[in-house]
Structure formats: structure tokens, C-alpha cells
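Shown next: final-v8.json, given as JSON, C-alpha atoms (C1' of nucleotides).
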[["chain", "number", "residue", "atom", "x", "y", "z"],
["A", 1, "MET", "CA", -11.93, 82.31, -114.84],
["A", 2, "LYS", "CA", -12.72, 83.84, -118.17],
["A", 3, "ALA", "CA", -16.13, 85.42, -118.18],
["A", 4, "PRO", "CA", -18.40, 84.08, -120.89],
["A", 5, "SER", "CA", -18.68, 86.65, -123.62],
["A", 6, "VAL", "CA", -21.00, 87.32, -126.47],
["A", 7, "LYS", "CA", -19.63, 88.90, -129.63],
["A", 8, "LEU", "CA", -21.79, 91.00, -131.88],
["A", 9, "PRO", "CA", -20.89, 92.88, -135.05],
["A", 10, "ILE", "CA", -21.50, 96.56, -135.62],
["A", 11, "PHE", "CA", -21.62, 97.68, -139.21],
["A", 12, "THR", "CA", -20.56, 101.25, -139.84],
["A", 13, "SER", "CA", -19.40, 103.20, -142.83],
["A", 14, "ASP", "CA", -15.91, 102.80, -141.38],
["A", 15, "GLY", "CA", -16.07, 99.03, -141.35],
["A", 16, "GLN", "CA", -17.26, 96.23, -139.12],
["A", 17, "PHE", "CA", -16.50, 96.65, -135.43],
["A", 18, "VAL", "CA", -17.02, 93.79, -132.99],
["A", 19, "ALA", "CA", -18.46, 94.30, -129.51],
["A", 20, "HIS", "CA", -17.81, 91.77, -126.74],
["A", 21, "TYR", "CA", -20.24, 91.58, -123.83],
["A", 22, "SER", "CA", -19.66, 90.02, -120.43],
["A", 23, "GLU", "CA", -22.23, 89.55, -117.70],
["A", 24, "LYS", "CA", -21.57, 93.12, -116.62],
["A", 25, "GLY", "CA", -21.69, 95.03, -119.85],
["A", 26, "LEU", "CA", -19.56, 95.98, -122.81],
["A", 27, "ALA", "CA", -16.13, 94.50, -122.15],
["A", 28, "GLU", "CA", -14.34, 95.04, -125.44],
["A", 29, "LEU", "CA", -14.70, 96.79, -128.75],
["A", 30, "ASP", "CA", -12.54, 95.83, -131.72],
["A", 31, "PHE", "CA", -11.67, 98.00, -134.65],
["A", 32, "PRO", "CA", -12.61, 96.61, -138.06],
["A", 33, "ALA", "CA", -10.25, 93.76, -138.88],
["A", 34, "ASN", "CA", -7.70, 94.70, -141.48],
["A", 35, "GLY", "CA", -9.02, 93.65, -144.86],
["A", 36, "ARG", "CA", -12.25, 92.49, -143.21],
["A", 37, "ALA", "CA", -11.63, 88.76, -143.57],
["A", 38, "GLU", "CA", -12.83, 87.60, -140.20],
["A", 39, "LEU", "CA", -16.41, 87.36, -139.08],
["A", 40, "PRO", "CA", -16.43, 84.98, -136.13],
["A", 41, "LEU", "CA", -19.99, 85.79, -135.28],
["A", 42, "GLY", "CA", -23.07, 83.71, -135.55],
["A", 43, "GLN", "CA", -25.23, 84.78, -132.66],
["A", 44, "ASN", "CA", -28.92, 84.47, -133.15],
["A", 45, "ALA", "CA", -30.40, 87.73, -131.93],
["A", 46, "GLN", "CA", -33.52, 85.89, -130.82],
["A", 47, "GLN", "CA", -31.75, 83.92, -128.12],
["A", 48, "LEU", "CA", -29.74, 86.72, -126.59],
["A", 49, "PRO", "CA", -30.64, 87.97, -123.11],
["A", 50, "SER", "CA", -32.68, 91.13, -123.45],
["A", 51, "LYS", "CA", -30.16, 93.07, -121.43],
["A", 52, "VAL", "CA", -27.46, 92.26, -123.97],
["A", 53, "ARG", "CA", -29.64, 93.39, -126.81],
["A", 54, "ARG", "CA", -30.31, 96.60, -124.91],
["A", 55, "TRP", "CA", -26.60, 97.15, -124.28],
["A", 56, "HIS", "CA", -25.81, 96.46, -127.90],
["A", 57, "ARG", "CA", -28.33, 98.99, -129.09],
["A", 58, "ALA", "CA", -26.68, 101.58, -126.84],
["A", 59, "THR", "CA", -23.21, 100.57, -128.04],
["A", 60, "VAL", "CA", -24.14, 100.84, -131.70],
["A", 61, "ALA", "CA", -25.72, 104.24, -131.19],
["A", 62, "ALA", "CA", -22.83, 105.54, -129.11],
["A", 63, "LEU", "CA", -20.19, 104.25, -131.51],
["A", 64, "LYS", "CA", -21.86, 105.87, -134.48],
["A", 65, "GLN", "CA", -22.16, 109.16, -132.62],
["A", 66, "VAL", "CA", -18.45, 109.25, -131.86],
["A", 67, "LEU", "CA", -17.54, 108.19, -135.38],
["A", 68, "ALA", "CA", -19.61, 111.13, -136.55],
["A", 69, "GLY", "CA", -17.72, 113.44, -134.21],
["A", 70, "ARG", "CA", -20.59, 113.90, -131.79],
["A", 71, "SER", "CA", -21.14, 113.16, -128.11],
["A", 72, "PRO", "CA", -23.24, 110.05, -127.39],
["A", 73, "LYS", "CA", -26.34, 110.71, -125.31],
["A", 74, "LYS", "CA", -26.09, 107.30, -123.79],
["A", 75, "PHE", "CA", -23.45, 104.67, -123.13],
["A", 76, "PRO", "CA", -23.89, 100.98, -122.43],
["A", 77, "PRO", "CA", -22.49, 99.83, -119.07],
["A", 78, "LEU", "CA", -18.75, 99.31, -119.48],
["A", 79, "ASP", "CA", -17.14, 96.28, -117.90],
["A", 80, "LEU", "CA", -13.57, 97.31, -117.22],
["A", 81, "SER", "CA", -12.97, 94.61, -114.65],
["A", 82, "GLY", "CA", -10.36, 93.11, -116.92],
["A", 83, "GLY", "CA", -7.85, 95.84, -116.17],
["A", 84, "THR", "CA", -5.58, 96.50, -113.23],
["A", 85, "THR", "CA", -6.35, 99.20, -110.68],
["A", 86, "PHE", "CA", -3.95, 101.55, -112.36],
["A", 87, "GLN", "CA", -5.43, 100.97, -115.79],
["A", 88, "ARG", "CA", -8.95, 101.54, -114.56],
["A", 89, "GLN", "CA", -7.90, 104.85, -113.04],
["A", 90, "VAL", "CA", -6.45, 105.89, -116.37],
["A", 91, "TRP", "CA", -9.48, 104.77, -118.37],
["A", 92, "ASN", "CA", -11.76, 106.53, -115.95],
["A", 93, "ALA", "CA", -9.78, 109.73, -116.40],
["A", 94, "LEU", "CA", -9.97, 109.34, -120.16],
["A", 95, "ARG", "CA", -13.74, 109.22, -120.05],
["A", 96, "LYS", "CA", -13.78, 112.71, -118.58],
["A", 97, "ILE", "CA", -12.24, 114.20, -121.69],
["A", 98, "ALA", "CA", -15.09, 115.75, -123.63],
["A", 99, "ARG", "CA", -15.57, 115.64, -127.37],
["A", 100, "GLY", "CA", -13.22, 117.98, -129.13],
["A", 101, "GLN", "CA", -10.88, 118.24, -126.14],
["A", 102, "THR", "CA", -7.44, 116.73, -125.79],
["A", 103, "LYS", "CA", -5.07, 116.05, -122.91],
["A", 104, "SER", "CA", -1.48, 114.95, -122.74],
["A", 105, "TYR", "CA", -0.23, 111.74, -121.19],
["A", 106, "GLY", "CA", 1.36, 113.88, -118.50],
["A", 107, "GLU", "CA", -1.92, 115.56, -117.63],
["A", 108, "ILE", "CA", -3.64, 112.21, -117.23],
["A", 109, "ALA", "CA", -0.77, 111.03, -115.05],
["A", 110, "ARG", "CA", -1.15, 114.03, -112.77],
["A", 111, "ALA", "CA", -4.93, 113.71, -112.76],
["A", 112, "ILE", "CA", -4.71, 110.26, -111.19],
["A", 113, "GLY", "CA", -2.05, 111.30, -108.71],
["A", 114, "ARG", "CA", 0.83, 109.55, -110.46],
["A", 115, "PRO", "CA", 2.70, 112.50, -112.03],
["A", 116, "ARG", "CA", 5.69, 110.34, -112.83],
["A", 117, "ALA", "CA", 3.80, 107.45, -114.43],
["A", 118, "VAL", "CA", 3.61, 109.18, -117.78],
["A", 119, "ARG", "CA", 4.78, 106.24, -119.82],
["A", 120, "ALA", "CA", 2.59, 103.91, -117.84],
["A", 121, "VAL", "CA", -0.38, 106.03, -118.92],
["A", 122, "GLY", "CA", 0.66, 105.41, -122.49],
["A", 123, "GLY", "CA", 0.75, 101.73, -121.71],
["A", 124, "ALA", "CA", -2.70, 101.81, -120.17],
["A", 125, "CYS", "CA", -4.09, 103.63, -123.18],
["A", 126, "GLY", "CA", -2.68, 100.96, -125.41],
["A", 127, "ALA", "CA", -4.31, 98.32, -123.24],
["A", 128, "ASN", "CA", -7.69, 100.03, -123.42],
["A", 129, "PRO", "CA", -10.19, 97.32, -124.40],
["A", 130, "ILE", "CA", -12.86, 99.78, -125.51],
["A", 131, "PRO", "CA", -11.32, 102.30, -127.89],
["A", 132, "VAL", "CA", -13.49, 105.08, -129.30],
["A", 133, "LEU", "CA", -16.00, 104.92, -126.42],
["A", 134, "VAL", "CA", -13.16, 105.23, -123.91],
["A", 135, "PRO", "CA", -11.50, 108.07, -125.83],
["A", 136, "CYS", "CA", -7.87, 107.05, -125.79],
["A", 137, "HIS", "CA", -7.55, 108.94, -129.06],
["A", 138, "ARG", "CA", -7.95, 112.27, -127.25],
["A", 139, "VAL", "CA", -4.60, 111.91, -125.56],
["A", 140, "LEU", "CA", -1.75, 113.63, -127.35],
["A", 141, "ALA", "CA", 1.92, 114.04, -126.54],
["A", 142, "ALA", "CA", 2.81, 117.07, -124.42],
["A", 143, "ASN", "CA", 4.10, 119.06, -127.38],
["A", 144, "GLY", "CA", 0.78, 118.73, -129.19],
["A", 145, "LYS", "CA", 1.94, 115.94, -131.48],
["A", 146, "LEU", "CA", -0.07, 112.80, -132.06],
["A", 147, "GLY", "CA", 1.97, 110.36, -130.08],
["A", 148, "GLY", "CA", 1.20, 106.74, -130.82],
["A", 149, "PHE", "CA", -1.86, 104.58, -131.18],
["A", 150, "SER", "CA", -1.92, 100.82, -131.29],
["A", 151, "GLY", "CA", -5.16, 100.74, -133.25],
["A", 152, "GLY", "CA", -3.38, 102.63, -136.01],
["A", 153, "LEU", "CA", -2.56, 106.32, -136.11],
["A", 154, "ASP", "CA", -4.99, 106.74, -138.99],
["A", 155, "TRP", "CA", -7.87, 106.14, -136.63],
["A", 156, "LYS", "CA", -6.53, 108.57, -134.09],
["A", 157, "ARG", "CA", -6.18, 111.26, -136.71],
["A", 158, "LYS", "CA", -9.57, 110.53, -138.23],
["A", 159, "LEU", "CA", -11.46, 110.56, -134.93],
["A", 160, "LEU", "CA", -9.85, 113.79, -133.76],
["A", 161, "THR", "CA", -10.43, 115.51, -137.07],
["A", 162, "ARG", "CA", -14.11, 114.61, -136.98],
["A", 163, "GLU", "CA", -14.35, 116.11, -133.51],
["A", 164, "GLY", "CA", -12.95, 119.33, -134.80],
["A", 165, "VAL", "CA", -9.49, 119.05, -133.31],
["A", 166, "SER", "CA", -6.75, 120.43, -135.51],
["A", 167, "LEU", "CA", -3.28, 119.07, -135.27],
["B", 1, "DG", "C1'", 15.38, 88.57, -115.55],
["B", 2, "DT", "C1'", 14.93, 91.26, -119.98],
["B", 3, "DC", "C1'", 12.68, 93.89, -123.35],
["B", 4, "DA", "C1'", 9.38, 96.86, -125.73],
["B", 5, "DC", "C1'", 5.66, 100.14, -125.33],
["B", 6, "DC", "C1'", 0.51, 105.47, -127.40],
["B", 7, "DT", "C1'", 6.06, 109.88, -122.78],
["B", 8, "DT", "C1'", 8.44, 113.83, -121.11],
["B", 9, "DA", "C1'", 11.24, 117.19, -118.32],
["B", 10, "DG", "C1'", 15.63, 118.41, -117.92],
["B", 11, "DA", "C1'", 20.57, 118.55, -118.73],
["B", 12, "DA", "C1'", 24.28, 118.54, -121.91],
["B", 13, "DG", "C1'", 26.46, 119.51, -126.54],
["C", 1, "DC", "C1'", 18.08, 123.40, -131.84],
["C", 2, "DT", "C1'", 19.38, 118.24, -131.33],
["C", 3, "DT", "C1'", 20.59, 114.36, -128.46],
["C", 4, "DC", "C1'", 20.74, 111.82, -124.39],
["C", 5, "DT", "C1'", 18.99, 110.24, -119.94],
["C", 6, "DA", "C1'", 16.11, 108.75, -116.39],
["C", 7, "DA", "C1'", 11.73, 107.43, -114.58],
["C", 8, "DG", "C1'", 6.49, 103.68, -114.34],
["C", 9, "DG", "C1'", 3.40, 99.91, -115.03],
["C", 10, "DT", "C1'", 2.58, 95.71, -117.42],
["C", 11, "DG", "C1'", 2.60, 91.87, -120.38],
["C", 12, "DA", "C1'", 5.30, 88.87, -123.55],
["C", 13, "DC", "C1'", 9.11, 85.78, -123.70]]
Write out the structure in this file as C-alpha cells.
Amino acid sequence: MKAPSVKLPIFTSDGQFVAHYSEKGLAELDFPANGRAELPLGQNAQQLPSKVRRWHRATVAALKQVLAGRSPKKFPPLDLSGGTTFQRQVWNALRKIARGQTKSYGEIARAIGRPRAVRAVGGACGANPIPVLVPCHRVLAANGKLGGFSGGLDWKRKLLTREGVSL
DNA sequence: GTCACCTTAGAAG
DNA sequence: CTTCTAAGGTGAC
């Protein structure tokens, strides 16, 4: 049962992101497509439910705040029902990392009571459907190095730098 | 079943 | 210091 989703573009100075909304809220956020070739969207803003338009406004504002290295005042409701229990625990822990702060995969693992599931935390970060707003980029390797990032290490570096984190 | 993945502490060389 | 090993959760094949 795949929840019906609405896709809306978000134009930023870093490219065109795409937000996916389910009945519950923001369910996915995509980084700008490489090269920018794809624009699958054709939603008429007029016929969208008002709640979706409201969520989208919050998403756009929040995304731009984070891209600018600041803390969003407001977030749209996040629909993380697509993940497993373990993944949701990880994502929830990620959301507690404030702007400019970083944690290691090991610290997240301990925070959710799974001290040995370090690599699994890495996996959950990679599976994060809402990058940037769920700050998977604030997780570094234990020795202070960047670690990986499926969205592209450039983004990880860029986002952290804008938040004032030095590597 | 097997493999690859955003890891890491510890033991061995 | 460098190299190797073992340990978790999950999705792709």
C-alpha cells in the first residue's frame, strides 16, 4: 500500500530540491538531481489541499534556513512511517543534534541503546528519506573525519561548513 | 544465502 | 603507526 504522494519543487541557490508529501506530512526530500535534467512535477498549486500548501511553505522556509547555516524556527510534520523501528529511532536521535554540533555514529548508537549497532546507524543515515532537515550530515566518524554520505560528500562538507563546523 | 553499506574498538605486527 | 578482525540492521540480487 503505497501512500499517495504529492511532489513539489523547491528552488534554492543550491539547485532544485523535490519534496514529497504523504497524507501525514513531508515524507521525502530529494537533493537537486545531478545536472538538473528531471522535473517530474506539474502540480497545480490551486488544487492542492491547503494543509499540503501549508506544509510546503514550512518545508521551503526550513530548508533555506538550514542551507544558510541557521536553525529553522519551524518544521513541517515529518512522515517517517516508511522506515523500520530501528531507523526511526536513529532519525529521531539525529534530530536532536543542534546546528553546529556533530556526533559520531557510535554516539548515536549508544543514544538509542544499541551501542554495538554502529554500522547499522550508518545504514540508517543512508536510508534517511529527509536529508538536511533530518541532519544526517552532522554525524561524523569517531575520529572526527567525515565518514560517508550517500547524497555526496560535497553536500556534507558544504552543510557543515555553513553551520560553522570545522573539519 | 550472499554481498555491500555514511563504523569502530581492539588486538596484532 | 598500519593492518586486520569482528560485530548490526537492511535492502538488493
Within 7 Å of chain A: each chain C residue with its shortest pair, only C-alpha atoms (C1' of nucleotides), as a Markdown table:
| residue | atom | partner | partner_atom | distance |
| --- | --- | --- | --- | --- |
| C:DA7 | C1' | A:Arg116 | CA | 6.9 |
| C:DG8 | C1' | A:Ala117 | CA | 4.6 |
| C:DG9 | C1' | A:Ala120 | CA | 5.0 |
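Reported to one decimal place, the separation of atom CA of Val139 of chain A from atom CA of Asp79 of chain A is 21.5 Å.
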Practice prompt. Compile the contact shell of DG13 of chain B as a PyMOL selection string: residues with an atom at most 10 Å away, counting only C-alpha atoms (C1' of nucleotides), same-chain residues fewer than 3 positions apart removed.
Written response: chain C and resi 2-4
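Look at Phe75 of chain A: the protein and nucleic acid residues within 7 Å of it, using only C-alpha atoms (C1' of nucleotides) and passing over chain neighbours fewer than 3 places away, are A:Ala58, A:Thr59, A:Ala62, A:Pro72.
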Practice prompt. Select all residues from chain B having any atom no more than 8 Å from an atom of chain A (counting only C-alpha atoms (C1' of nucleotides), ignoring ligands), output as a PyMOL selection string.
Written response: chain B and resi 5-8
Report as JSON the centre and the edge lengths, in Å to one decimal, of the axis-aligned box holding every listed atom of segment 135-141 of chain A, padded by 3 Å on each side.
{"center_x": -4.8, "center_y": 110.5, "center_z": -127.3, "size_x": 19.4, "size_y": 13.0, "size_z": 9.5}
Response to the item:
A straight line from atom CA of Ile112 of chain A to atom CA of Asn92 of chain A spans 9.3 Å
Applying 8 Å and all atoms listed in the file, which residues near Gln101 of chain A remain after dropping the ones on its own chain fewer than 2 positions away? List them as a short mmCIF file (atom, residue, chain, number, x, y, z; two decimals) with C-alpha atoms, keeping the file's coordinate frame.
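Resulting contents of out.cif:
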data_model
loop_
_atom_site.label_atom_id
_atom_site.label_comp_id
_atom_site.auth_asym_id
_atom_site.auth_seq_id
_atom_site.Cartn_x
_atom_site.Cartn_y
_atom_site.Cartn_z
CA ILE A 97 -12.24 114.20 -121.69
CA ALA A 98 -15.09 115.75 -123.63
CA ARG A 99 -15.57 115.64 -127.37
CA LYS A 103 -5.07 116.05 -122.91
CA ARG A 138 -7.95 112.27 -127.25
CA VAL A 165 -9.49 119.05 -133.31
#
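Separating atom CA of Leu29 of chain A from atom CA of Ile130 of chain A is a distance of 4.8 Å.
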Practice prompt. Pull the neighbourhood of (18.3, 114.9, -114.9) for me: all residues within 9 Å in file coordinates, counting only C-alpha atoms (C1' of nucleotides), as a PyMOL selection string.
Written response: (chain B and resi 9-11) or (chain C and resi 5-6)
Selection file, C-alpha atoms (C1' of nucleotides), as an mmCIF file, in the coordinates of the input:
data_model
loop_
_atom_site.group_PDB
_atom_site.id
_atom_site.type_symbol
_atom_site.label_atom_id
_atom_site.label_comp_id
_atom_site.auth_asym_id
_atom_site.auth_seq_id
_atom_site.Cartn_x
_atom_site.Cartn_y
_atom_site.Cartn_z
ATOM 1 C "C1'" DA B 9 11.240 117.190 -118.320
ATOM 2 C "C1'" DG B 10 15.630 118.410 -117.920
ATOM 3 C "C1'" DA B 11 20.570 118.550 -118.730
ATOM 4 C "C1'" DT C 5 18.990 110.240 -119.940
ATOM 5 C "C1'" DA C 6 16.110 108.750 -116.390
#
Discussion item. Taking (-22.4, 89.2, -126.8) in the coordinates of the supplied file, I want to know which residues reach to within 9 Å of it, counting all atoms listed in the file; could you give the answer as a PyMOL selection string?
Written reply: chain A and resi 4-8+19-22+26+43+48+52-53+56
Keeping just N, CA and C atoms (P, O5', C5', C4', C3', O3' and C1' of nucleotides), export chain B of this structure as a JSON list (two decimals), in the first residue's frame.
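Output below, filename result.json:
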[["chain", "number", "residue", "atom", "x", "y", "z"],
["B", 1, "DG", "P", 19.80, -19.45, 4.88],
["B", 1, "DG", "O5'", 21.01, -19.01, 3.97],
["B", 1, "DG", "C5'", 21.52, -20.08, 3.14],
["B", 1, "DG", "C4'", 22.31, -19.49, 2.02],
["B", 1, "DG", "C3'", 23.46, -18.60, 2.48],
["B", 1, "DG", "O3'", 24.59, -18.83, 1.64],
["B", 1, "DG", "C1'", 22.01, -17.32, 1.12],
["B", 2, "DT", "P", 25.99, -18.26, 2.08],
["B", 2, "DT", "O5'", 25.99, -16.92, 1.22],
["B", 2, "DT", "C5'", 25.95, -17.02, -0.20],
["B", 2, "DT", "C4'", 26.24, -15.67, -0.80],
["B", 2, "DT", "C3'", 27.33, -14.90, -0.05],
["B", 2, "DT", "O3'", 28.20, -14.30, -1.01],
["B", 2, "DT", "C1'", 25.37, -13.57, -0.16],
["B", 3, "DC", "P", 29.55, -13.59, -0.46],
["B", 3, "DC", "O5'", 29.16, -12.08, -0.76],
["B", 3, "DC", "C5'", 28.66, -11.75, -2.04],
["B", 3, "DC", "C4'", 28.25, -10.29, -2.10],
["B", 3, "DC", "C3'", 29.22, -9.35, -1.38],
["B", 3, "DC", "O3'", 29.48, -8.22, -2.20],
["B", 3, "DC", "C1'", 27.02, -9.04, -0.53],
["B", 4, "DA", "P", 30.88, -7.40, -1.91],
["B", 4, "DA", "O5'", 30.26, -5.94, -1.72],
["B", 4, "DA", "C5'", 29.30, -5.47, -2.67],
["B", 4, "DA", "C4'", 28.52, -4.31, -2.05],
["B", 4, "DA", "C3'", 29.43, -3.32, -1.31],
["B", 4, "DA", "O3'", 29.04, -2.01, -1.68],
["B", 4, "DA", "C1'", 27.71, -4.11, 0.14],
["B", 5, "DC", "P", 30.21, -0.84, -1.55],
["B", 5, "DC", "O5'", 29.44, 0.17, -0.56],
["B", 5, "DC", "C5'", 28.32, -0.30, 0.01],
["B", 5, "DC", "C4'", 27.52, 0.62, 0.88],
["B", 5, "DC", "C3'", 28.28, 1.53, 1.86],
["B", 5, "DC", "O3'", 27.59, 2.80, 1.97],
["B", 5, "DC", "C1'", 26.98, -0.13, 3.06],
["B", 6, "DC", "P", 28.52, 4.07, 1.22],
["B", 6, "DC", "O5'", 28.93, 4.89, 2.50],
["B", 6, "DC", "C5'", 28.23, 4.69, 3.64],
["B", 6, "DC", "C4'", 28.99, 5.42, 4.71],
["B", 6, "DC", "C3'", 28.60, 4.86, 6.04],
["B", 6, "DC", "O3'", 29.61, 5.10, 6.99],
["B", 6, "DC", "C1'", 27.68, 7.03, 5.76],
["B", 7, "DT", "P", 30.76, 4.02, 7.16],
["B", 7, "DT", "O5'", 31.03, 4.30, 8.72],
["B", 7, "DT", "C5'", 29.93, 4.60, 9.58],
["B", 7, "DT", "C4'", 30.26, 4.10, 10.97],
["B", 7, "DT", "C3'", 31.49, 4.75, 11.59],
["B", 7, "DT", "O3'", 31.23, 5.05, 12.93],
["B", 7, "DT", "C1'", 31.73, 2.41, 11.57],
["B", 8, "DT", "P", 32.30, 5.82, 13.80],
["B", 8, "DT", "O5'", 33.03, 4.62, 14.53],
["B", 8, "DT", "C5'", 32.28, 3.84, 15.44],
["B", 8, "DT", "C4'", 33.16, 2.81, 16.06],
["B", 8, "DT", "C3'", 34.51, 3.36, 16.54],
["B", 8, "DT", "O3'", 34.80, 2.76, 17.78],
["B", 8, "DT", "C1'", 34.83, 1.46, 15.25],
["B", 9, "DA", "P", 35.48, 3.69, 18.88],
["B", 9, "DA", "O5'", 35.91, 2.63, 19.98],
["B", 9, "DA", "C5'", 34.95, 1.69, 20.40],
["B", 9, "DA", "C4'", 35.63, 0.35, 20.60],
["B", 9, "DA", "C3'", 36.94, 0.46, 21.37],
["B", 9, "DA", "O3'", 36.95, -0.56, 22.35],
["B", 9, "DA", "C1'", 37.32, -0.63, 19.30],
["B", 10, "DG", "P", 38.18, -0.64, 23.34],
["B", 10, "DG", "O5'", 38.98, -1.89, 22.75],
["B", 10, "DG", "C5'", 38.28, -3.08, 22.44],
["B", 10, "DG", "C4'", 39.20, -4.01, 21.68],
["B", 10, "DG", "C3'", 40.62, -4.07, 22.26],
["B", 10, "DG", "O3'", 41.07, -5.42, 22.21],
["B", 10, "DG", "C1'", 40.74, -3.58, 19.99],
["B", 11, "DA", "P", 42.30, -5.81, 23.20],
["B", 11, "DA", "O5'", 42.97, -7.05, 22.44],
["B", 11, "DA", "C5'", 42.21, -7.81, 21.50],
["B", 11, "DA", "C4'", 43.08, -8.16, 20.31],
["B", 11, "DA", "C3'", 44.54, -8.41, 20.72],
["B", 11, "DA", "O3'", 45.02, -9.55, 20.02],
["B", 11, "DA", "C1'", 44.46, -6.79, 19.02],
["B", 12, "DA", "P", 46.43, -10.17, 20.46],
["B", 12, "DA", "O5'", 47.20, -10.17, 19.08],
["B", 12, "DA", "C5'", 46.51, -10.49, 17.88],
["B", 12, "DA", "C4'", 47.28, -9.95, 16.69],
["B", 12, "DA", "C3'", 48.79, -10.22, 16.76],
["B", 12, "DA", "O3'", 49.22, -10.67, 15.49],
["B", 12, "DA", "C1'", 48.41, -7.93, 16.37],
["B", 13, "DG", "P", 50.75, -11.14, 15.31],
["B", 13, "DG", "O5'", 51.37, -9.96, 14.45],
["B", 13, "DG", "C5'", 50.90, -9.76, 13.11],
["B", 13, "DG", "C4'", 51.70, -8.65, 12.45],
["B", 13, "DG", "C3'", 53.22, -8.84, 12.60],
["B", 13, "DG", "O3'", 53.87, -8.37, 11.41],
["B", 13, "DG", "C1'", 52.60, -6.76, 13.51]]
